Each structure stands twice: as structure tokens, then as C-alpha cells.
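What follows is coords.csv (CSV, C-alpha atoms).
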```csv
chain,number,residue,atom,x,y,z
A,1,MET,CA,-21.2,51.2,-7.3
A,2,ILE,CA,-19.3,48.5,-9.2
A,3,LYS,CA,-17.8,47.3,-5.9
A,4,GLU,CA,-21.3,47.1,-4.4
A,5,LYS,CA,-22.5,44.9,-7.2
A,6,THR,CA,-19.4,42.6,-6.9
A,7,ASN,CA,-19.9,42.5,-3.1
A,8,GLU,CA,-23.5,41.4,-3.6
A,9,ARG,CA,-22.6,38.7,-6.1
A,10,THR,CA,-19.5,37.3,-4.2
A,11,LEU,CA,-19.4,34.9,-1.4
A,12,THR,CA,-16.7,34.2,1.2
A,13,PRO,CA,-15.5,30.6,1.8
A,14,GLN,CA,-17.3,30.6,5.1
A,15,GLU,CA,-20.6,31.5,3.3
A,16,VAL,CA,-19.9,28.8,0.7
A,17,ARG,CA,-19.3,26.2,3.5
A,18,SER,CA,-22.6,27.2,5.1
A,19,ILE,CA,-24.5,27.1,1.8
A,20,LEU,CA,-23.1,23.7,0.7
A,21,LYS,CA,-23.1,22.4,4.3
A,22,THR,CA,-19.6,21.0,3.9
A,23,ASP,CA,-15.9,21.4,4.9
A,24,ASN,CA,-13.0,23.0,3.0
A,25,LYS,CA,-11.7,19.6,1.7
A,26,GLU,CA,-14.9,18.8,-0.1
A,27,ILE,CA,-15.1,22.4,-1.4
A,28,VAL,CA,-11.7,21.9,-2.9
A,29,GLU,CA,-12.8,18.6,-4.5
A,30,LEU,CA,-15.9,20.2,-5.8
A,31,CYS,CA,-13.9,23.0,-7.3
A,32,LYS,CA,-11.6,20.5,-9.1
A,33,LYS,CA,-14.6,18.6,-10.5
A,34,ALA,CA,-16.3,21.8,-11.6
A,35,SER,CA,-13.1,23.3,-12.9
A,36,ILE,CA,-13.6,26.4,-10.8
A,37,ARG,CA,-10.7,28.4,-9.5
A,38,PRO,CA,-11.5,30.7,-6.5
A,39,LYS,CA,-10.5,34.3,-7.0
A,40,LYS,CA,-8.7,36.6,-4.6
A,41,ASN,CA,-9.5,40.2,-3.8
A,42,GLU,CA,-7.1,43.1,-3.4
A,43,LYS,CA,-6.4,42.1,0.3
A,44,GLY,CA,-5.7,38.5,-0.8
A,45,TYR,CA,-8.9,37.0,0.6
A,46,THR,CA,-10.6,34.2,-1.4
A,47,TYR,CA,-14.1,34.7,-2.7
A,48,PHE,CA,-16.5,32.9,-5.0
A,49,SER,CA,-19.0,34.3,-7.4
A,50,TYR,CA,-22.7,33.5,-7.0
A,51,ASP,CA,-22.7,31.6,-10.3
A,52,GLU,CA,-19.7,29.5,-9.2
A,53,VAL,CA,-21.5,28.5,-6.0
A,54,LYS,CA,-24.5,27.5,-8.1
A,55,ASN,CA,-22.2,25.3,-10.2
A,56,LEU,CA,-20.6,23.9,-7.0
A,57,ARG,CA,-24.0,23.0,-5.7
A,58,LYS,CA,-24.9,21.2,-8.9
A,59,VAL,CA,-21.7,19.2,-8.8
A,60,GLN,CA,-22.3,18.4,-5.1
A,61,ALA,CA,-25.8,17.2,-6.0
A,62,GLN,CA,-24.4,15.0,-8.7
A,63,MET,CA,-21.8,13.5,-6.4
A,64,ASN,CA,-24.4,12.8,-3.7
A,65,GLY,CA,-26.7,11.3,-6.3
A,66,VAL,CA,-29.4,13.9,-5.7
A,67,SER,CA,-31.0,14.9,-8.9
A,68,ASP,CA,-31.1,18.6,-9.6
A,69,PRO,CA,-34.2,19.8,-11.4
A,70,ILE,CA,-32.2,21.7,-14.0
A,71,THR,CA,-29.8,18.8,-14.8
A,72,SER,CA,-32.4,16.0,-14.4
A,73,LYS,CA,-33.9,16.7,-17.9
A,74,SER,CA,-30.5,16.5,-19.6
A,75,THR,CA,-29.6,13.3,-17.6
A,76,ALA,CA,-32.9,11.7,-18.5
A,77,VAL,CA,-32.3,12.5,-22.2
A,78,ALA,CA,-28.8,11.0,-22.0
A,79,THR,CA,-30.0,7.8,-20.3
A,80,ALA,CA,-32.8,7.4,-22.8
A,81,GLY,CA,-30.4,7.8,-25.6
A,82,ASN,CA,-28.1,5.1,-24.2
A,83,SER,CA,-31.0,2.7,-23.6
A,84,ALA,CA,-32.4,3.3,-27.0
A,85,ASN,CA,-29.2,2.6,-28.8
A,86,PRO,CA,-28.5,-1.1,-28.8
A,87,ALA,CA,-25.1,-0.7,-30.4
A,88,ILE,CA,-23.8,1.3,-27.5
A,89,ARG,CA,-25.4,-1.2,-25.1
A,90,SER,CA,-23.7,-4.1,-27.0
A,91,ILE,CA,-20.3,-2.4,-26.9
A,92,LEU,CA,-20.6,-1.7,-23.2
A,93,ASN,CA,-21.6,-5.3,-22.5
A,94,SER,CA,-18.7,-6.5,-24.7
A,95,LEU,CA,-16.3,-4.3,-22.7
A,96,GLN,CA,-17.6,-5.6,-19.4
A,97,ASP,CA,-17.2,-9.2,-20.6
A,98,LEU,CA,-13.7,-8.5,-21.8
A,99,GLU,CA,-12.8,-6.9,-18.5
A,100,THR,CA,-14.2,-9.8,-16.5
A,101,LYS,CA,-12.4,-12.4,-18.6
A,102,LEU,CA,-9.1,-10.5,-18.5
A,103,SER,CA,-9.2,-10.1,-14.8
A,104,GLU,CA,-10.1,-13.8,-14.3
A,105,ARG,CA,-7.1,-14.8,-16.6
A,106,ILE,CA,-4.7,-12.5,-14.7
A,107,SER,CA,-5.9,-13.9,-11.4
A,108,LYS,CA,-5.5,-17.5,-12.6
A,109,VAL,CA,-1.9,-16.8,-13.8
A,110,ILE,CA,-1.0,-15.1,-10.6
A,111,ASP,CA,-2.5,-17.9,-8.5
A,112,GLU,CA,-0.5,-20.5,-10.5
A,113,LYS,CA,2.7,-18.6,-10.1
A,114,LEU,CA,2.1,-18.2,-6.3
A,115,GLU,CA,1.1,-21.8,-6.0
A,116,GLY,CA,4.7,-22.8,-6.9
A,117,MET,CA,6.0,-20.3,-4.5
A,118,ASP,CA,4.4,-22.2,-1.6
A,119,ASP,CA,6.5,-25.2,-2.3
A,120,VAL,CA,9.6,-23.0,-2.6
A,121,VAL,CA,9.0,-21.4,0.8
A,122,VAL,CA,8.4,-24.8,2.5
A,123,GLU,CA,11.7,-26.1,1.0
A,124,LEU,CA,13.5,-22.9,2.0
A,125,ILE,CA,12.3,-23.3,5.6
A,126,ARG,CA,13.3,-27.0,5.6
A,127,CYS,CA,16.8,-26.1,4.3
A,128,LYS,CA,17.2,-23.4,6.9
A,129,THR,CA,16.3,-25.8,9.7
A,130,ASP,CA,18.8,-28.4,8.3
A,131,ASN,CA,21.5,-25.7,8.0
A,132,GLU,CA,21.0,-24.7,11.7
A,133,THR,CA,21.2,-28.3,12.8
A,134,LEU,CA,24.4,-28.8,10.8
A,135,LYS,CA,25.9,-25.7,12.3
A,136,GLN,CA,25.2,-27.0,15.8
A,137,LYS,CA,26.8,-30.3,14.8
A,138,ILE,CA,29.9,-28.6,13.6
A,139,VAL,CA,30.2,-26.7,17.0
A,140,ASP,CA,29.8,-30.0,18.9
A,141,LEU,CA,32.4,-31.8,16.7
A,142,ASN,CA,34.9,-28.9,17.1
A,143,LYS,CA,34.5,-29.3,20.9
A,144,GLU,CA,35.1,-33.0,20.7
A,145,ILE,CA,38.2,-32.5,18.4
A,146,TYR,CA,39.6,-30.1,21.0
A,147,GLN,CA,39.1,-32.6,23.8
A,148,LEU,CA,40.6,-35.4,21.8
A,149,LYS,CA,43.7,-33.3,20.9
A,150,ASN,CA,44.2,-32.5,24.5
A,151,GLU,CA,43.9,-36.2,25.4
A,152,LEU,CA,46.3,-37.1,22.6
A,153,ASN,CA,48.9,-34.5,23.7
A,154,SER,CA,48.7,-36.0,27.2
A,155,TYR,CA,50.5,-39.2,25.9
A,156,LYS,CA,54.3,-39.1,25.6
A,157,SER,CA,56.5,-41.7,23.8
A,158,VAL,CA,58.8,-43.7,26.1
A,159,GLY,CA,60.3,-45.7,23.2
A,160,PHE,CA,59.9,-49.0,21.6
A,161,GLY,CA,56.3,-48.0,20.6
A,162,LEU,CA,55.2,-47.5,24.2
A,163,TYR,CA,53.4,-44.4,25.4
A,164,ARG,CA,52.9,-43.1,28.9
A,165,LYS,CA,50.1,-40.8,29.9
A,166,LYS,CA,51.0,-37.6,31.7
A,167,GLU,CA,48.9,-36.4,34.6
A,168,ILE,CA,46.9,-33.3,33.7
A,169,TYR,CA,46.1,-31.1,36.6
A,170,ILE,CA,42.9,-29.1,36.5
A,171,TRP,CA,42.8,-26.2,38.9
A,172,GLU,CA,39.5,-25.8,40.4
```
Since I need it in another form, could you write the structure as C-alpha cells?
Amino acid sequence: MIKEKTNERTLTPQEVRSILKTDNKEIVELCKKASIRPKKNEKGYTYFSYDEVKNLRKVQAQMNGVSDPITSKSTAVATAGNSANPAIRSILNSLQDLETKLSERISKVIDEKLEGMDDVVVELIRCKTDNETLKQKIVDLNKEIYQLKNELNSYKSVGFGLYRKKEIYIWE
């Protein structure tokens, strides 16, 4: 008889999905928000109690912005209390102003720091281009030195400060 009562008051995850018209991921999120932990029976199957599903439905309604008749009264009282208390409103406005000013200052500082980075990047690109040009110039000069050394080695001294050019044969 006790098992019959628990069976009547428990719901499977499939039934919960159909009642809430949602998928497993949202049910997990709803369980986290409502601090509900699904239970497992003797066979290891997950189940929810009827009251837990009612709480999940309330949390889902709050997340979707739909007002639940039961919670709408308490929400109305809470919002009326907030709007009636000018000190709370003043504190909230001060916090919003502080947040806005702080984010504007941080944005300004970041923009100033990044503005200087633009010049650095442009200078870095210019230096890299100059470096590549100089590397190519070194290669060209090394080729020219090699050719000039070969030309110089083709002259042999005959004496009295006179030089004679040897014939260099190039095999083609």
C-alpha cells in the first residue's frame, strides 16, 4: 500500500518532460535553480515527486517570465516594497551610476593603451620591411664580392708591378 502511494505521487523523467514541455537539459537547469535533486528507486531509475514537479513548474514559469498565480502575490508585494522605499531605490541608482562610470573609465584607459599600440605595430611592420630589404641587399653584395674575388684571382703578377689576366674557361 505504501508503494502504491509513492507510485501515485512520483513521476518519471519522461512524464516530467511532457508536463514541463521541455528537454533534459532544461530540466537539469531547473533542478539546479530549484535546488532539487532527483531520487533513484531500487532499480536505479530516476524519479521526481509530485511536489518537486510543482516547484520545477514554478521555477520554469519564473524563468520564462510567466507569472504564476501563487507567486504573483508575493512578487507584487516585493516590488511594491522596493518602489515604496526611496532609500533602496537611491542605493540601486547609485550602484548603477557607479557601474557605468567605472566601465567608462576602464574603457577609456584600455583605449588609450591600445591607441599607443597602433603606432608600435606600424613601426614594427616598417622595421620588418626594412630588415627584409637589408637581408636581400646583403645577399646581393655577397654575390658581387664572390664575383670580384674571382675576377681578382684571375690576375697574376708578372713583376715590376705589372699584372696579366689569365683566361678563365667556363664550360657550358
Just want the 12 Å neighbourhood of Val53 in chain A, counted on all atoms listed in the file, with same-chain residues fewer than 3 positions away dropped. Output as a PyMOL selection string. chain A and resi 9-13+15-20+27+30-31+34+36-38+47-50+56-60
I'd like to know which of A:Lys101, A:Lys137, A:Lys43, A:Lys166 is closest to Glu151 in chain A, using all atoms listed in the file.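 Checking each of A:Lys101, A:Lys137, A:Lys43, A:Lys166 against Glu151 in chain A, counting all atoms listed in the file, the winner is A:Lys166.
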Name the residues in contact with Asn153 in chain A at a cut-off of 9 Å, using all atoms listed in the file, excluding same-chain residues fewer than 4 positions from it; report them as a ChimeraX atom specification. /A:148-149,165-166
Kindly write range 49-61 of chain A with all heavy atoms to a file, as an mmCIF file, in the first residue's frame.
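Output below, filename decode.cif:
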```cif
data_model
loop_
_atom_site.group_PDB
_atom_site.id
_atom_site.type_symbol
_atom_site.label_atom_id
_atom_site.label_comp_id
_atom_site.auth_asym_id
_atom_site.auth_seq_id
_atom_site.Cartn_x
_atom_site.Cartn_y
_atom_site.Cartn_z
ATOM 1 N N SER A 49 9.157 13.588 -7.298
ATOM 2 C CA SER A 49 7.895 13.604 -6.569
ATOM 3 C C SER A 49 6.976 14.652 -7.200
ATOM 4 O O SER A 49 7.421 15.533 -7.937
ATOM 5 C CB SER A 49 8.122 13.925 -5.089
ATOM 6 O OG SER A 49 8.493 15.277 -4.944
ATOM 7 N N TYR A 50 5.714 14.543 -6.902
ATOM 8 C CA TYR A 50 4.724 15.467 -7.448
ATOM 9 C C TYR A 50 5.017 16.899 -6.994
ATOM 10 O O TYR A 50 4.931 17.840 -7.777
ATOM 11 C CB TYR A 50 3.318 15.021 -7.007
ATOM 12 C CG TYR A 50 2.217 15.877 -7.553
ATOM 13 C CD1 TYR A 50 1.866 15.813 -8.890
ATOM 14 C CD2 TYR A 50 1.534 16.770 -6.734
ATOM 15 C CE1 TYR A 50 0.851 16.605 -9.408
ATOM 16 C CE2 TYR A 50 0.521 17.563 -7.237
ATOM 17 C CZ TYR A 50 0.186 17.480 -8.573
ATOM 18 O OH TYR A 50 -0.812 18.268 -9.075
ATOM 19 N N ASP A 51 5.408 17.058 -5.735
ATOM 20 C CA ASP A 51 5.719 18.388 -5.211
ATOM 21 C C ASP A 51 6.953 18.980 -5.902
ATOM 22 O O ASP A 51 7.004 20.186 -6.176
ATOM 23 C CB ASP A 51 5.969 18.330 -3.695
ATOM 24 C CG ASP A 51 4.690 17.980 -2.927
ATOM 25 O OD1 ASP A 51 3.598 18.317 -3.432
ATOM 26 O OD2 ASP A 51 4.806 17.374 -1.846
ATOM 27 N N GLU A 52 7.940 18.148 -6.178
ATOM 28 C CA GLU A 52 9.130 18.635 -6.879
ATOM 29 C C GLU A 52 8.780 19.141 -8.273
ATOM 30 O O GLU A 52 9.286 20.163 -8.719
ATOM 31 C CB GLU A 52 10.180 17.524 -6.973
ATOM 32 C CG GLU A 52 10.831 17.179 -5.656
ATOM 33 C CD GLU A 52 11.729 15.958 -5.742
ATOM 34 O OE1 GLU A 52 11.574 15.150 -6.676
ATOM 35 O OE2 GLU A 52 12.591 15.821 -4.850
ATOM 36 N N VAL A 53 7.901 18.428 -8.946
ATOM 37 C CA VAL A 53 7.493 18.846 -10.289
ATOM 38 C C VAL A 53 6.729 20.166 -10.218
ATOM 39 O O VAL A 53 6.890 21.038 -11.078
ATOM 40 C CB VAL A 53 6.663 17.742 -10.982
ATOM 41 C CG1 VAL A 53 6.125 18.220 -12.316
ATOM 42 C CG2 VAL A 53 7.507 16.490 -11.169
ATOM 43 N N LYS A 54 5.919 20.336 -9.151
ATOM 44 C CA LYS A 54 5.228 21.619 -8.990
ATOM 45 C C LYS A 54 6.240 22.750 -8.813
ATOM 46 O O LYS A 54 6.103 23.825 -9.409
ATOM 47 C CB LYS A 54 4.276 21.553 -7.780
ATOM 48 C CG LYS A 54 2.981 20.822 -8.083
ATOM 49 C CD LYS A 54 2.118 20.559 -6.872
ATOM 50 C CE LYS A 54 1.722 21.764 -6.097
ATOM 51 N NZ LYS A 54 0.793 21.446 -4.993
ATOM 52 N N ASN A 55 7.282 22.503 -8.020
ATOM 53 C CA ASN A 55 8.326 23.512 -7.831
ATOM 54 C C ASN A 55 9.081 23.778 -9.138
ATOM 55 O O ASN A 55 9.403 24.933 -9.445
ATOM 56 C CB ASN A 55 9.312 23.071 -6.742
ATOM 57 C CG ASN A 55 8.707 23.139 -5.360
ATOM 58 O OD1 ASN A 55 7.754 23.883 -5.126
ATOM 59 N ND2 ASN A 55 9.236 22.352 -4.439
ATOM 60 N N LEU A 56 9.357 22.729 -9.888
ATOM 61 C CA LEU A 56 10.030 22.909 -11.176
ATOM 62 C C LEU A 56 9.174 23.748 -12.125
ATOM 63 O O LEU A 56 9.688 24.594 -12.855
ATOM 64 C CB LEU A 56 10.347 21.552 -11.821
ATOM 65 C CG LEU A 56 11.449 20.729 -11.168
ATOM 66 C CD1 LEU A 56 11.571 19.373 -11.854
ATOM 67 C CD2 LEU A 56 12.772 21.455 -11.215
ATOM 68 N N ARG A 57 7.865 23.517 -12.085
ATOM 69 C CA ARG A 57 6.962 24.288 -12.947
ATOM 70 C C ARG A 57 6.982 25.761 -12.547
ATOM 71 O O ARG A 57 6.996 26.651 -13.397
ATOM 72 C CB ARG A 57 5.535 23.740 -12.840
ATOM 73 C CG ARG A 57 4.584 24.457 -13.782
ATOM 74 C CD ARG A 57 3.175 23.968 -13.646
ATOM 75 N NE ARG A 57 3.048 22.683 -14.318
ATOM 76 C CZ ARG A 57 1.963 21.935 -14.273
ATOM 77 N NH1 ARG A 57 0.919 22.325 -13.570
ATOM 78 N NH2 ARG A 57 1.897 20.803 -14.914
ATOM 79 N N LYS A 58 7.035 26.043 -11.223
ATOM 80 C CA LYS A 58 7.095 27.433 -10.757
ATOM 81 C C LYS A 58 8.393 28.097 -11.222
ATOM 82 O O LYS A 58 8.379 29.235 -11.695
ATOM 83 C CB LYS A 58 7.011 27.490 -9.229
ATOM 84 C CG LYS A 58 5.639 27.200 -8.675
ATOM 85 C CD LYS A 58 5.663 27.232 -7.167
ATOM 86 C CE LYS A 58 4.347 26.783 -6.578
ATOM 87 N NZ LYS A 58 4.401 26.735 -5.111
ATOM 88 N N VAL A 59 9.519 27.393 -11.084
ATOM 89 C CA VAL A 59 10.802 27.945 -11.498
ATOM 90 C C VAL A 59 10.816 28.184 -13.002
ATOM 91 O O VAL A 59 11.303 29.211 -13.481
ATOM 92 C CB VAL A 59 11.958 27.002 -11.079
ATOM 93 C CG1 VAL A 59 13.269 27.432 -11.693
ATOM 94 C CG2 VAL A 59 12.076 26.962 -9.566
ATOM 95 N N GLN A 60 10.237 27.251 -13.747
ATOM 96 C CA GLN A 60 10.166 27.415 -15.203
ATOM 97 C C GLN A 60 9.327 28.637 -15.563
ATOM 98 O O GLN A 60 9.689 29.410 -16.450
ATOM 99 C CB GLN A 60 9.579 26.160 -15.847
ATOM 100 C CG GLN A 60 9.564 26.219 -17.362
ATOM 101 C CD GLN A 60 8.892 25.013 -17.980
ATOM 102 O OE1 GLN A 60 7.961 24.453 -17.400
ATOM 103 N NE2 GLN A 60 9.366 24.609 -19.147
ATOM 104 N N ALA A 61 8.231 28.837 -14.852
ATOM 105 C CA ALA A 61 7.378 29.994 -15.115
ATOM 106 C C ALA A 61 8.129 31.285 -14.799
ATOM 107 O O ALA A 61 8.029 32.270 -15.531
ATOM 108 C CB ALA A 61 6.103 29.900 -14.285
#
```
